[in-house]
Amino acid sequence: MFNNVSSHRTKLDEVSVEKKIVLTCSAAATLFFIKNPIVMFSIFSLLLLIYFLVGGLKFLRLGLFQLKVTIPFVIILAFWHLYLDHLDKGMTLIFRLISAFLIANLFLLTSKIHDIILAIQKYSLYLKVFGINPHAVSITIGLFIRSIPILNQRAKNLMLAQSARSTKRSFWRISVPLALSILDDADHVSEALRARGGIKKRES
Amino acid sequence: MEVSQNKPVEIEISSASVFYGKERILENLNLSIKEQRVGFIGRNGSGKTTLLRILAGLQELHNGKVLIDGTEVAKKRNEAIRKVGIIFQNPDHQIIFPTVGEELRFGLTQLGLNRNEADLKVIACLKEYDKVNWFERSISTLSQGQKHLVCLLSILLMKPMVLLLDEPFTGIDIPTQRKLERYLGSLKQTIIHVSHVPETFENYQRLIWMDEGVVKADGPPKTVTKKYKDAMNNYNEKNI
Amino acid sequence: MEKTSVLVALFAALIAVLGLVPAFPLASGVPITAQSLGVMLCGTILGAKKGGLAALFFVVLTLVGLPLLAGGRGGIGLLAGASAGFIIGFPIAAYITGWLMEKTKSVDIQISVSLSSVVGGIIILYIPGLIGMMINAGMSLNAALVAVSVYLPGDVLKVILATIVTSAIFKARPNSVLARN
């Protein structure tokens, strides 16, 4: 499930995930304060240049390929603003969308998912400030990542079991057994967790 | 793996009762266990799994108490996790973390070790079982038998005096089963093993047959197995 | 404590897995996915606090960069996209759905679930959703309303599913529907 999108090594792979998260978030946030289409377009061009400098032409192509998820929305934005004759605004929004994805993908393409999870787990310690138990957060993250392939596999198995006895294949038929199995899991897993000492009330 | 104890661990169950609602699961059970290999056998719903849960301190008793090496396992949880470890039937219900390394580290950090100390022990343990490359491995890429081994190792790393097994061989093939049996056989810990397969207990010192929450027979595996098998064969079909 | 953590993790994972059910991107750029069904179920089964927490957990991890949103999308870039408001609205929707479930304990389960998920999972979810479209697409409220109306049939279907699933669970294991305990 969490295969890395890119096996392409770049100069940014060496930078720590923490630094990249901070940079990515602040860069993406800045985009929302820019209203001028020319400035926005320059940022977009600058990002393309960064992709090229970081990982060469191949990486730039990969970055552009990743933008495919934005296509439907870009088309709507273009038509809508052409229709309204708000070209300035339309250009700003389109290049903001594309730039935001370029920034986010630059981070994702140059970081291992595993490192991202480790960084989240590490920094969840600071949630203590808000009275949130960091031990609980770190266990929850681990369990969450672990459960996705299990639940996915179970959904597939239920689909198979269903099509073995029926000609119809539909998601809604398996939703009840799937939900019940999750609640069953919750009982077992929390018991197994308690068997190994459970969640500590305070971090020592 | 070295074991800290030489003399057998004492397990005391005294007048233990458990009810789910009005249903009686265990009633006034008294058992004293000093043997190193003890099996529990019985049909589904005979109370044997509940028995394991009270030994692990996971199930509140309505009456009586369970002592392992003098510790009341349901009350003193911090001490209990050093004395008793449990391996559940389904590894997917036990494994909390996405990678083998994290899963094995967890039990050790629960005992108060820091991350680095824990990782050293985890790596040493994986080496001992010839699985060094497992540290970074994602649990979802392991086979069922390998997952069982991860569960076993994660508990063994915590060095409990008593190991509780709840039908740990369900759903794995015979060669893997044999391998796991060999791992278990070499352990010096006290093992309490629950199963409905009589053959599992051939080399055990003591076998206890449970039915409807009470002890039906207790003694050497050979005699208890015979009684159990006779009784099972005599069950009327309508009792199934 | 353990149970809460485990339920939050598993229901967040349920939302993620529902994103793997094939999604249909519609003309407005927001795909129809089963993920909002997961959000409704968080509320109807776990109740306000735990349900909201599970959805929040999912959203935070998605925005940090895990590709959990339908179609394998993730990352902070989503905040500039068409679905931004809906994503931010997930935890609010789950919380309100759960809150309404808790307020309607004495009502028949099917009515309680349908009502809670219509209000929490559709009305409340659409408010940040619309705001997001207005900001990110520069649309007027009316235009945004027209755009999201395409999703109504799918969302009504999800309310029906949430009702079937939650009442089935309530029948099989009443104690598990925490929102009604």
# chains A, B, ... in the order shown; residues from 1 in each chain; ligands from 1
>>> select_by_dssp(residues="region 31-236 of chain B", states="alpha helix (DSSP H)", output="MDAnalysis selection string")
chainID B and resid 48:56 77:83 91:94 100:110 115:128 144:156 174:185 221:234
>>> interface_residues(of="chain A", to="chain C", cutoff="6 Å", atoms="only C-alpha atoms", output="list in words")
Pro72, Phe73, Leu97, Ala100, Phe101, Ala104, Thr140, Leu143, Phe144, Ile148, Asn152, Val176, Ala186 and Ser190 of chain A
>>> closest_residue(among="B:Thr71, B:Asn44, B:Gln89, B:Thr141", to="Ala56 (chain B)", atoms="only C-alpha atoms")
B:Thr71
>>> interface_residues(of="chain A", to="chain B", cutoff="6 Å", atoms="only C-alpha atoms", output="number ranges by chain")
A: 142-143, 146, 188-189, 192, 196
>>> write_last_selection(atoms="C-alpha atoms", output="PDB file, in the first residue's frame")
ATOM      1  CA  GLY A 142       1.254   2.171  14.244  1.00  0.00           C
ATOM      2  CA  LEU A 143      -1.994   0.279  14.497  1.00  0.00           C
ATOM      3  CA  ARG A 146      -0.897  -1.889  10.177  1.00  0.00           C
ATOM      4  CA  HIS A 188      -9.055  -8.665  20.443  1.00  0.00           C
ATOM      5  CA  VAL A 189      -6.416  -6.068  19.711  1.00  0.00           C
ATOM      6  CA  ALA A 192      -3.569  -8.064  23.281  1.00  0.00           C
ATOM      7  CA  ARG A 196       1.661  -6.324  27.050  1.00  0.00           C
TER       8      ARG A 196
END
>>> residues_around(residues="Val15 (chain A)", least_positions_apart="6", cutoff="12 Å", atoms="only C-alpha atoms", output="MDAnalysis selection string")
chainID A and resid 9 21:23 54 107 110:112 115
>>> atom_distance(atom1="CA of Ala55 (chain C)", atom2="CA of Gln35 (chain C)")
10.3 Å
>>> select_by_dssp(residues="chain C", states="strand (DSSP E)", output="ChimeraX atom specification")
/C:24-25,31-32
>>> atom_distance(atom1="CA of Val162 (chain B)", atom2="CA of Ala195 (chain A)")
12.8 Å
>>> closest_residue(among="A:Ile76, A:Glu191, A:Val129, A:Ile174", to="Ala161 (chain A)", atoms="only C-alpha atoms")
A:Ile174
>>> residues_around(residues="Leu67 (chain B)", least_positions_apart="5", cutoff="6 Å", atoms="only C-alpha atoms", output="NGL selection string")
:B and (11-12 or 72)
>>> residues_around(residues="Ile88 (chain C)", least_positions_apart="2", cutoff="10 Å", atoms="only C-alpha atoms", output="count of residues only")
18
>>> closest_residue(among="C:Asn181, C:Thr163, C:Thr104, C:Ser149", to="Leu46 (chain C)", atoms="only C-alpha atoms")
C:Asn181
>>> atom_distance(atom1="CA of Thr33 (chain C)", atom2="CA of Ile87 (chain C)")
12.2 Å
>>> decode(residues="region 76-116 of chain C", atoms="N, CA and C atoms", output="PDB file, in the first residue's frame")
ATOM      1  N   ILE C  76      -0.330  18.238   1.574  1.00  0.00           N
ATOM      2  CA  ILE C  76      -0.878  19.555   1.880  1.00  0.00           C
ATOM      3  C   ILE C  76      -1.455  20.232   0.638  1.00  0.00           C
ATOM      4  N   GLY C  77      -1.041  19.758  -0.542  1.00  0.00           N
ATOM      5  CA  GLY C  77      -1.544  20.339  -1.785  1.00  0.00           C
ATOM      6  C   GLY C  77      -3.054  20.227  -1.911  1.00  0.00           C
ATOM      7  N   LEU C  78      -3.630  19.220  -1.244  1.00  0.00           N
ATOM      8  CA  LEU C  78      -5.074  19.009  -1.290  1.00  0.00           C
ATOM      9  C   LEU C  78      -5.837  20.240  -0.835  1.00  0.00           C
ATOM     10  N   LEU C  79      -5.192  21.061   0.024  1.00  0.00           N
ATOM     11  CA  LEU C  79      -5.886  22.225   0.552  1.00  0.00           C
ATOM     12  C   LEU C  79      -6.160  23.262  -0.525  1.00  0.00           C
ATOM     13  N   ALA C  80      -5.496  23.153  -1.671  1.00  0.00           N
ATOM     14  CA  ALA C  80      -5.762  24.090  -2.761  1.00  0.00           C
ATOM     15  C   ALA C  80      -6.740  23.484  -3.766  1.00  0.00           C
ATOM     16  N   GLY C  81      -7.146  22.237  -3.532  1.00  0.00           N
ATOM     17  CA  GLY C  81      -7.984  21.537  -4.495  1.00  0.00           C
ATOM     18  C   GLY C  81      -9.469  21.709  -4.241  1.00  0.00           C
ATOM     19  N   ALA C  82     -10.266  21.069  -5.097  1.00  0.00           N
ATOM     20  CA  ALA C  82     -11.709  21.212  -5.008  1.00  0.00           C
ATOM     21  C   ALA C  82     -12.274  20.571  -3.751  1.00  0.00           C
ATOM     22  N   SER C  83     -11.625  19.488  -3.265  1.00  0.00           N
ATOM     23  CA  SER C  83     -12.190  18.773  -2.115  1.00  0.00           C
ATOM     24  C   SER C  83     -11.749  19.342  -0.778  1.00  0.00           C
ATOM     25  N   ALA C  84     -10.945  20.399  -0.789  1.00  0.00           N
ATOM     26  CA  ALA C  84     -10.335  20.895   0.452  1.00  0.00           C
ATOM     27  C   ALA C  84     -11.338  21.022   1.602  1.00  0.00           C
ATOM     28  N   GLY C  85     -12.459  21.679   1.323  1.00  0.00           N
ATOM     29  CA  GLY C  85     -13.439  21.923   2.372  1.00  0.00           C
ATOM     30  C   GLY C  85     -14.037  20.632   2.903  1.00  0.00           C
ATOM     31  N   PHE C  86     -14.247  19.669   1.993  1.00  0.00           N
ATOM     32  CA  PHE C  86     -14.814  18.389   2.422  1.00  0.00           C
ATOM     33  C   PHE C  86     -13.849  17.650   3.334  1.00  0.00           C
ATOM     34  N   ILE C  87     -12.561  17.701   2.965  1.00  0.00           N
ATOM     35  CA  ILE C  87     -11.568  17.001   3.777  1.00  0.00           C
ATOM     36  C   ILE C  87     -11.515  17.600   5.180  1.00  0.00           C
ATOM     37  N   ILE C  88     -11.449  18.930   5.224  1.00  0.00           N
ATOM     38  CA  ILE C  88     -11.416  19.585   6.534  1.00  0.00           C
ATOM     39  C   ILE C  88     -12.708  19.301   7.297  1.00  0.00           C
ATOM     40  N   GLY C  89     -13.804  19.137   6.538  1.00  0.00           N
ATOM     41  CA  GLY C  89     -15.099  18.929   7.178  1.00  0.00           C
ATOM     42  C   GLY C  89     -15.292  17.529   7.743  1.00  0.00           C
ATOM     43  N   PHE C  90     -14.492  16.555   7.320  1.00  0.00           N
ATOM     44  CA  PHE C  90     -14.676  15.167   7.786  1.00  0.00           C
ATOM     45  C   PHE C  90     -14.809  15.048   9.306  1.00  0.00           C
ATOM     46  N   PRO C  91     -13.821  15.567  10.080  1.00  0.00           N
ATOM     47  CA  PRO C  91     -13.938  15.400  11.533  1.00  0.00           C
ATOM     48  C   PRO C  91     -15.159  16.101  12.110  1.00  0.00           C
ATOM     49  N   ILE C  92     -15.486  17.278  11.547  1.00  0.00           N
ATOM     50  CA  ILE C  92     -16.652  18.011  12.058  1.00  0.00           C
ATOM     51  C   ILE C  92     -17.901  17.185  11.784  1.00  0.00           C
ATOM     52  N   ALA C  93     -17.993  16.653  10.567  1.00  0.00           N
ATOM     53  CA  ALA C  93     -19.158  15.859  10.190  1.00  0.00           C
ATOM     54  C   ALA C  93     -19.296  14.635  11.092  1.00  0.00           C
ATOM     55  N   ALA C  94     -18.189  13.944  11.337  1.00  0.00           N
ATOM     56  CA  ALA C  94     -18.243  12.751  12.190  1.00  0.00           C
ATOM     57  C   ALA C  94     -18.677  13.146  13.598  1.00  0.00           C
ATOM     58  N   TYR C  95     -18.137  14.250  14.086  1.00  0.00           N
ATOM     59  CA  TYR C  95     -18.468  14.682  15.449  1.00  0.00           C
ATOM     60  C   TYR C  95     -19.959  14.995  15.568  1.00  0.00           C
ATOM     61  N   ILE C  96     -20.464  15.789  14.612  1.00  0.00           N
ATOM     62  CA  ILE C  96     -21.874  16.187  14.681  1.00  0.00           C
ATOM     63  C   ILE C  96     -22.780  14.959  14.519  1.00  0.00           C
ATOM     64  N   THR C  97     -22.425  14.063  13.586  1.00  0.00           N
ATOM     65  CA  THR C  97     -23.213  12.833  13.416  1.00  0.00           C
ATOM     66  C   THR C  97     -23.279  12.073  14.739  1.00  0.00           C
ATOM     67  N   GLY C  98     -22.139  11.910  15.368  1.00  0.00           N
ATOM     68  CA  GLY C  98     -22.094  11.193  16.637  1.00  0.00           C
ATOM     69  C   GLY C  98     -22.873  11.912  17.722  1.00  0.00           C
ATOM     70  N   TRP C  99     -22.755  13.221  17.727  1.00  0.00           N
ATOM     71  CA  TRP C  99     -23.431  14.018  18.743  1.00  0.00           C
ATOM     72  C   TRP C  99     -24.943  13.857  18.620  1.00  0.00           C
ATOM     73  N   LEU C 100     -25.426  13.891  17.352  1.00  0.00           N
ATOM     74  CA  LEU C 100     -26.863  13.726  17.135  1.00  0.00           C
ATOM     75  C   LEU C 100     -27.313  12.325  17.531  1.00  0.00           C
ATOM     76  N   MET C 101     -26.480  11.313  17.228  1.00  0.00           N
ATOM     77  CA  MET C 101     -26.802   9.943  17.643  1.00  0.00           C
ATOM     78  C   MET C 101     -26.993   9.888  19.156  1.00  0.00           C
ATOM     79  N   GLU C 102     -26.089  10.552  19.855  1.00  0.00           N
ATOM     80  CA  GLU C 102     -26.159  10.518  21.317  1.00  0.00           C
ATOM     81  C   GLU C 102     -27.388  11.251  21.834  1.00  0.00           C
ATOM     82  N   LYS C 103     -27.828  12.266  21.078  1.00  0.00           N
ATOM     83  CA  LYS C 103     -29.001  13.036  21.512  1.00  0.00           C
ATOM     84  C   LYS C 103     -30.303  12.318  21.185  1.00  0.00           C
ATOM     85  N   THR C 104     -30.236  11.323  20.276  1.00  0.00           N
ATOM     86  CA  THR C 104     -31.483  10.671  19.864  1.00  0.00           C
ATOM     87  C   THR C 104     -31.510   9.201  20.279  1.00  0.00           C
ATOM     88  N   LYS C 105     -30.927   8.926  21.439  1.00  0.00           N
ATOM     89  CA  LYS C 105     -30.843   7.545  21.918  1.00  0.00           C
ATOM     90  C   LYS C 105     -32.202   6.880  22.086  1.00  0.00           C
ATOM     91  N   SER C 106     -33.190   7.681  22.469  1.00  0.00           N
ATOM     92  CA  SER C 106     -34.482   7.077  22.776  1.00  0.00           C
ATOM     93  C   SER C 106     -35.294   6.820  21.504  1.00  0.00           C
ATOM     94  N   VAL C 107     -34.855   7.404  20.388  1.00  0.00           N
ATOM     95  CA  VAL C 107     -35.577   7.243  19.124  1.00  0.00           C
ATOM     96  C   VAL C 107     -35.195   5.892  18.497  1.00  0.00           C
ATOM     97  N   ASP C 108     -36.051   5.371  17.648  1.00  0.00           N
ATOM     98  CA  ASP C 108     -35.767   4.140  16.901  1.00  0.00           C
ATOM     99  C   ASP C 108     -34.421   4.256  16.183  1.00  0.00           C
ATOM    100  N   ILE C 109     -33.637   3.172  16.226  1.00  0.00           N
ATOM    101  CA  ILE C 109     -32.255   3.242  15.734  1.00  0.00           C
ATOM    102  C   ILE C 109     -32.175   3.694  14.278  1.00  0.00           C
ATOM    103  N   GLN C 110     -33.074   3.177  13.421  1.00  0.00           N
ATOM    104  CA  GLN C 110     -32.981   3.524  12.005  1.00  0.00           C
ATOM    105  C   GLN C 110     -33.230   5.012  11.776  1.00  0.00           C
ATOM    106  N   ILE C 111     -34.218   5.535  12.499  1.00  0.00           N
ATOM    107  CA  ILE C 111     -34.516   6.965  12.360  1.00  0.00           C
ATOM    108  C   ILE C 111     -33.351   7.785  12.894  1.00  0.00           C
ATOM    109  N   SER C 112     -32.835   7.350  14.039  1.00  0.00           N
ATOM    110  CA  SER C 112     -31.735   8.071  14.666  1.00  0.00           C
ATOM    111  C   SER C 112     -30.517   8.122  13.744  1.00  0.00           C
ATOM    112  N   VAL C 113     -30.159   6.977  13.149  1.00  0.00           N
ATOM    113  CA  VAL C 113     -28.987   6.942  12.273  1.00  0.00           C
ATOM    114  C   VAL C 113     -29.215   7.781  11.014  1.00  0.00           C
ATOM    115  N   SER C 114     -30.392   7.606  10.379  1.00  0.00           N
ATOM    116  CA  SER C 114     -30.640   8.355   9.142  1.00  0.00           C
ATOM    117  C   SER C 114     -30.578   9.845   9.409  1.00  0.00           C
ATOM    118  N   LEU C 115     -31.273  10.268  10.469  1.00  0.00           N
ATOM    119  CA  LEU C 115     -31.301  11.689  10.796  1.00  0.00           C
ATOM    120  C   LEU C 115     -29.888  12.211  11.063  1.00  0.00           C
ATOM    121  N   SER C 116     -29.151  11.490  11.906  1.00  0.00           N
ATOM    122  CA  SER C 116     -27.815  11.958  12.270  1.00  0.00           C
ATOM    123  C   SER C 116     -26.907  12.021  11.060  1.00  0.00           C
TER     124      SER C 116
END
